[in-house]
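**Student:** Contents of target-v3.cif (mmCIF, C-alpha atoms) are below:
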```cif
data_model
loop_
_atom_site.group_PDB
_atom_site.id
_atom_site.type_symbol
_atom_site.label_atom_id
_atom_site.label_comp_id
_atom_site.auth_asym_id
_atom_site.auth_seq_id
_atom_site.Cartn_x
_atom_site.Cartn_y
_atom_site.Cartn_z
ATOM 1 C CA MET A 433 1.553 -8.247 66.047
ATOM 2 C CA GLU A 434 0.086 -8.942 62.668
ATOM 3 C CA GLY A 435 -2.796 -11.178 61.753
ATOM 4 C CA GLU A 436 -4.621 -11.539 65.073
ATOM 5 C CA ARG A 437 -7.176 -9.698 67.113
ATOM 6 C CA LYS A 438 -5.914 -8.842 70.567
ATOM 7 C CA GLU A 439 -8.592 -10.239 72.913
ATOM 8 C CA ASP A 440 -5.822 -12.022 74.772
ATOM 9 C CA LYS A 441 -2.172 -11.068 74.828
ATOM 10 C CA ILE A 442 0.164 -13.885 73.782
ATOM 11 C CA PRO A 443 1.294 -15.325 77.152
ATOM 12 C CA ILE A 444 5.053 -15.287 76.592
ATOM 13 C CA GLU A 445 7.442 -13.895 79.175
ATOM 14 C CA ALA A 446 10.891 -12.300 79.015
ATOM 15 C CA PRO A 447 13.524 -12.903 77.836
ATOM 16 C CA LEU A 448 11.376 -14.153 74.922
ATOM 17 C CA ARG A 449 9.606 -11.559 72.803
ATOM 18 C CA ALA A 450 6.736 -12.488 70.497
ATOM 19 C CA VAL A 451 7.440 -10.905 67.099
ATOM 20 C CA ASP A 452 4.357 -12.352 65.366
ATOM 21 C CA TYR A 453 1.983 -15.254 65.804
ATOM 22 C CA ARG A 454 -0.840 -17.251 64.262
ATOM 23 C CA THR A 455 -3.522 -18.888 66.362
ATOM 24 C CA LEU A 456 -4.016 -22.505 65.294
ATOM 25 C CA SER A 457 -6.989 -23.191 67.543
ATOM 26 C CA LYS A 458 -8.616 -21.586 70.533
ATOM 27 C CA GLY A 459 -11.568 -22.771 72.551
ATOM 28 C CA PHE A 460 -12.800 -24.820 75.484
ATOM 29 C CA GLY A 461 -9.997 -23.428 77.662
ATOM 30 C CA TRP A 462 -7.153 -24.291 75.252
ATOM 31 C CA TRP A 463 -5.079 -22.105 72.929
ATOM 32 C CA ALA A 464 -2.598 -23.418 70.338
ATOM 33 C CA ALA A 465 -0.409 -21.046 68.342
ATOM 34 C CA ALA A 466 2.652 -20.832 66.142
ATOM 35 C CA VAL A 467 4.785 -17.959 67.447
ATOM 36 C CA LEU A 468 7.845 -16.260 65.984
ATOM 37 C CA VAL A 469 9.916 -15.432 69.066
ATOM 38 C CA GLU A 470 13.118 -13.508 69.520
ATOM 39 C CA SER A 471 15.529 -14.084 72.370
ATOM 40 C CA TRP A 472 19.056 -12.783 72.739
ATOM 41 C CA GLY A 473 19.059 -11.679 69.093
ATOM 42 C CA ARG A 474 17.978 -15.056 67.719
ATOM 43 C CA LYS A 475 14.627 -15.781 66.101
ATOM 44 C CA GLN A 476 12.887 -19.132 66.128
ATOM 45 C CA VAL A 477 9.383 -20.472 65.631
ATOM 46 C CA CYS A 478 7.695 -22.174 68.565
ATOM 47 C CA LEU A 479 4.473 -24.160 68.666
ATOM 48 C CA TYR A 480 2.701 -23.500 71.966
ATOM 49 C CA LEU A 481 -0.232 -25.039 73.775
ATOM 50 C CA TRP A 482 -1.682 -23.097 76.705
ATOM 51 C CA GLN A 483 -4.508 -23.932 79.080
ATOM 52 C CA ARG A 484 -6.672 -21.245 80.662
ATOM 53 C CA LYS A 485 -6.553 -21.324 84.448
ATOM 54 C CA GLN A 486 -8.155 -18.985 86.976
ATOM 55 C CA ASP A 487 -5.087 -16.738 86.924
ATOM 56 C CA GLY A 488 -4.626 -16.673 83.130
ATOM 57 C CA TRP A 489 -3.078 -18.773 80.376
ATOM 58 C CA LYS A 490 -0.508 -21.369 81.486
ATOM 59 C CA ARG A 491 1.861 -23.109 79.076
ATOM 60 C CA LYS A 492 1.334 -26.847 78.799
ATOM 61 C CA GLN A 493 3.562 -27.660 75.830
ATOM 62 C CA LYS A 494 6.174 -25.983 73.651
ATOM 63 C CA PHE A 495 8.002 -27.250 70.579
ATOM 64 C CA THR A 496 10.816 -25.117 69.151
ATOM 65 C CA ILE A 497 11.862 -25.046 65.503
ATOM 66 C CA HIS A 498 15.398 -23.673 65.498
ATOM 67 C CA ASP A 499 16.008 -23.510 61.759
ATOM 68 C CA PRO A 500 14.482 -24.362 58.363
ATOM 69 C CA GLU A 501 16.267 -27.738 58.275
ATOM 70 C CA LYS A 502 14.559 -28.782 61.511
ATOM 71 C CA TRP A 503 11.208 -27.749 60.033
ATOM 72 C CA GLU A 504 11.865 -29.892 56.941
ATOM 73 C CA GLN A 505 12.453 -32.904 59.225
ATOM 74 C CA VAL A 506 9.129 -32.261 60.977
ATOM 75 C CA VAL A 507 7.222 -31.834 57.715
ATOM 76 C CA SER A 508 8.760 -34.977 56.227
ATOM 77 C CA ALA A 509 7.902 -37.110 59.261
ATOM 78 C CA VAL A 510 4.323 -35.833 59.462
ATOM 79 C CA GLU A 511 3.723 -36.290 55.738
ATOM 80 C CA GLU A 512 4.885 -39.912 56.023
ATOM 81 C CA LEU A 513 2.428 -40.542 58.870
ATOM 82 C CA LEU A 514 -0.626 -38.712 57.488
ATOM 83 C CA PRO A 515 -1.713 -41.431 55.027
ATOM 84 C CA GLN A 516 -2.011 -43.872 57.942
ATOM 85 C CA MET A 517 -4.732 -41.716 59.485
ATOM 86 C CA GLN A 518 -7.148 -42.806 56.758
ATOM 87 C CA LYS A 519 -6.677 -46.545 57.278
#
```
Using the file provided, produce a representation of the structure as structure tokens.

**Tutor:**
Amino acid sequence: MEGERKEDKIPIEAPLRAVDYRTLSKGFGWWAAAVLVESWGRKQVCLYLWQRKQDGWKRKQKFTIHDPEKWEQVVSAVEELLPQMQK
């Protein structure tokens, strides 16, 4: 995989295959990443949140972006909400 050091292997199991990923944050027992996954010949981007447990990283949340149109909906909604953070 490009762009990351391999201290920890991305904790994704078959039938998904991690093609590439970018760590968004990692620390204090939590790991968030954007991952390009392939399954059954289809690629999609997933946002993952894992928590470190005694037996390794366990998925806590996953959000799948199936296509560019879905991503545009997410970006639009977030951009509308961001200005309210400064109020």

**Student:** Just how far from CA of Tyr480 in chain A is CA of Gly459 in chain A, in Å to one decimal?

**Tutor:**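 Separation of CA of Gly459 in chain A and CA of Tyr480 in chain A: 14.3 Å.
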
**Student:** When you draw a straight line from CA of Gln476 in chain A to CA of Leu448 in chain A, how long is it in Å?

**Tutor:**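 Distance between the two atoms: 10.2 Å.
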
**Student:** Would you mind reading off the distance between CA of Ala464 in chain A and CA of Leu479 in chain A, one decimal, in Å?

**Tutor:**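 Distance between the two atoms: 7.3 Å.
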
**Student:** Counting all atoms listed in the file, which of A:Leu456, A:Ala446, A:Ile497, A:Leu513 gets nearest to Trp472 in chain A?

**Tutor:**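 Smallest separation from Trp472 in chain A among the options: A:Ala446.
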
**Student:** For a quick check of understanding, using all atoms listed in the file, which of A:Pro447, A:Glu511, A:Trp503, A:Met517 has the smallest distance to Val469 in chain A?

**Tutor:** A:Pro447

**Student:** Pull range 450-475 of chain A out of the block and emit N, CA and C atoms, as a PDB file, in the first residue's frame.

**Tutor:**
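File written: out-v5.pdb
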```pdb
ATOM      1  N   ALA A 450      -7.875  -4.293   0.963  1.00  0.00           N
ATOM      2  CA  ALA A 450      -7.431  -2.903   1.002  1.00  0.00           C
ATOM      3  C   ALA A 450      -6.456  -2.669  -0.153  1.00  0.00           C
ATOM      4  N   VAL A 451      -6.830  -1.768  -1.071  1.00  0.00           N
ATOM      5  CA  VAL A 451      -5.993  -1.427  -2.207  1.00  0.00           C
ATOM      6  C   VAL A 451      -5.004  -0.340  -1.798  1.00  0.00           C
ATOM      7  N   ASP A 452      -5.476   0.644  -1.048  1.00  0.00           N
ATOM      8  CA  ASP A 452      -4.660   1.766  -0.586  1.00  0.00           C
ATOM      9  C   ASP A 452      -5.385   2.397   0.589  1.00  0.00           C
ATOM     10  N   TYR A 453      -4.665   3.177   1.371  1.00  0.00           N
ATOM     11  CA  TYR A 453      -5.322   3.850   2.491  1.00  0.00           C
ATOM     12  C   TYR A 453      -4.532   5.068   2.924  1.00  0.00           C
ATOM     13  N   ARG A 454      -5.207   5.941   3.668  1.00  0.00           N
ATOM     14  CA  ARG A 454      -4.600   7.105   4.284  1.00  0.00           C
ATOM     15  C   ARG A 454      -5.082   7.166   5.729  1.00  0.00           C
ATOM     16  N   THR A 455      -4.149   7.183   6.653  1.00  0.00           N
ATOM     17  CA  THR A 455      -4.506   7.343   8.054  1.00  0.00           C
ATOM     18  C   THR A 455      -4.936   8.781   8.282  1.00  0.00           C
ATOM     19  N   LEU A 456      -6.083   8.970   8.915  1.00  0.00           N
ATOM     20  CA  LEU A 456      -6.580  10.300   9.246  1.00  0.00           C
ATOM     21  C   LEU A 456      -6.118  10.714  10.633  1.00  0.00           C
ATOM     22  N   SER A 457      -6.154   9.771  11.556  1.00  0.00           N
ATOM     23  CA  SER A 457      -5.637  10.009  12.906  1.00  0.00           C
ATOM     24  C   SER A 457      -5.369   8.658  13.544  1.00  0.00           C
ATOM     25  N   LYS A 458      -4.403   8.670  14.471  1.00  0.00           N
ATOM     26  CA  LYS A 458      -4.067   7.433  15.156  1.00  0.00           C
ATOM     27  C   LYS A 458      -3.418   7.795  16.481  1.00  0.00           C
ATOM     28  N   GLY A 459      -4.014   7.317  17.562  1.00  0.00           N
ATOM     29  CA  GLY A 459      -3.450   7.582  18.869  1.00  0.00           C
ATOM     30  C   GLY A 459      -4.452   7.306  19.958  1.00  0.00           C
ATOM     31  N   PHE A 460      -3.939   7.133  21.171  1.00  0.00           N
ATOM     32  CA  PHE A 460      -4.782   6.899  22.345  1.00  0.00           C
ATOM     33  C   PHE A 460      -5.729   5.720  22.133  1.00  0.00           C
ATOM     34  N   GLY A 461      -5.273   4.701  21.398  1.00  0.00           N
ATOM     35  CA  GLY A 461      -6.070   3.496  21.207  1.00  0.00           C
ATOM     36  C   GLY A 461      -7.098   3.574  20.097  1.00  0.00           C
ATOM     37  N   TRP A 462      -7.055   4.631  19.273  1.00  0.00           N
ATOM     38  CA  TRP A 462      -8.020   4.798  18.183  1.00  0.00           C
ATOM     39  C   TRP A 462      -7.280   4.997  16.876  1.00  0.00           C
ATOM     40  N   TRP A 463      -7.860   4.511  15.785  1.00  0.00           N
ATOM     41  CA  TRP A 463      -7.270   4.646  14.455  1.00  0.00           C
ATOM     42  C   TRP A 463      -8.399   4.944  13.474  1.00  0.00           C
ATOM     43  N   ALA A 464      -8.306   6.083  12.790  1.00  0.00           N
ATOM     44  CA  ALA A 464      -9.272   6.458  11.754  1.00  0.00           C
ATOM     45  C   ALA A 464      -8.543   6.501  10.423  1.00  0.00           C
ATOM     46  N   ALA A 465      -9.170   5.951   9.381  1.00  0.00           N
ATOM     47  CA  ALA A 465      -8.533   5.915   8.071  1.00  0.00           C
ATOM     48  C   ALA A 465      -9.563   5.936   6.956  1.00  0.00           C
ATOM     49  N   ALA A 466      -9.136   6.496   5.827  1.00  0.00           N
ATOM     50  CA  ALA A 466      -9.887   6.394   4.579  1.00  0.00           C
ATOM     51  C   ALA A 466      -9.229   5.271   3.797  1.00  0.00           C
ATOM     52  N   VAL A 467     -10.023   4.284   3.374  1.00  0.00           N
ATOM     53  CA  VAL A 467      -9.471   3.085   2.739  1.00  0.00           C
ATOM     54  C   VAL A 467     -10.172   2.830   1.409  1.00  0.00           C
ATOM     55  N   LEU A 468      -9.372   2.639   0.368  1.00  0.00           N
ATOM     56  CA  LEU A 468      -9.906   2.195  -0.922  1.00  0.00           C
ATOM     57  C   LEU A 468      -9.959   0.673  -0.853  1.00  0.00           C
ATOM     58  N   VAL A 469     -11.167   0.117  -0.884  1.00  0.00           N
ATOM     59  CA  VAL A 469     -11.327  -1.331  -0.780  1.00  0.00           C
ATOM     60  C   VAL A 469     -11.889  -1.890  -2.079  1.00  0.00           C
ATOM     61  N   GLU A 470     -11.565  -3.147  -2.313  1.00  0.00           N
ATOM     62  CA  GLU A 470     -12.111  -3.852  -3.461  1.00  0.00           C
ATOM     63  C   GLU A 470     -12.785  -5.114  -2.957  1.00  0.00           C
ATOM     64  N   SER A 471     -13.976  -5.367  -3.466  1.00  0.00           N
ATOM     65  CA  SER A 471     -14.723  -6.558  -3.102  1.00  0.00           C
ATOM     66  C   SER A 471     -15.555  -6.986  -4.296  1.00  0.00           C
ATOM     67  N   TRP A 472     -15.394  -8.237  -4.676  1.00  0.00           N
ATOM     68  CA  TRP A 472     -16.152  -8.790  -5.794  1.00  0.00           C
ATOM     69  C   TRP A 472     -16.015  -7.929  -7.045  1.00  0.00           C
ATOM     70  N   GLY A 473     -14.814  -7.389  -7.280  1.00  0.00           N
ATOM     71  CA  GLY A 473     -14.552  -6.617  -8.484  1.00  0.00           C
ATOM     72  C   GLY A 473     -14.989  -5.171  -8.440  1.00  0.00           C
ATOM     73  N   ARG A 474     -15.565  -4.740  -7.336  1.00  0.00           N
ATOM     74  CA  ARG A 474     -16.003  -3.351  -7.183  1.00  0.00           C
ATOM     75  C   ARG A 474     -15.095  -2.623  -6.222  1.00  0.00           C
ATOM     76  N   LYS A 475     -14.789  -1.370  -6.517  1.00  0.00           N
ATOM     77  CA  LYS A 475     -13.996  -0.544  -5.614  1.00  0.00           C
ATOM     78  C   LYS A 475     -14.883   0.515  -4.992  1.00  0.00           C
TER      79      LYS A 475
END
```
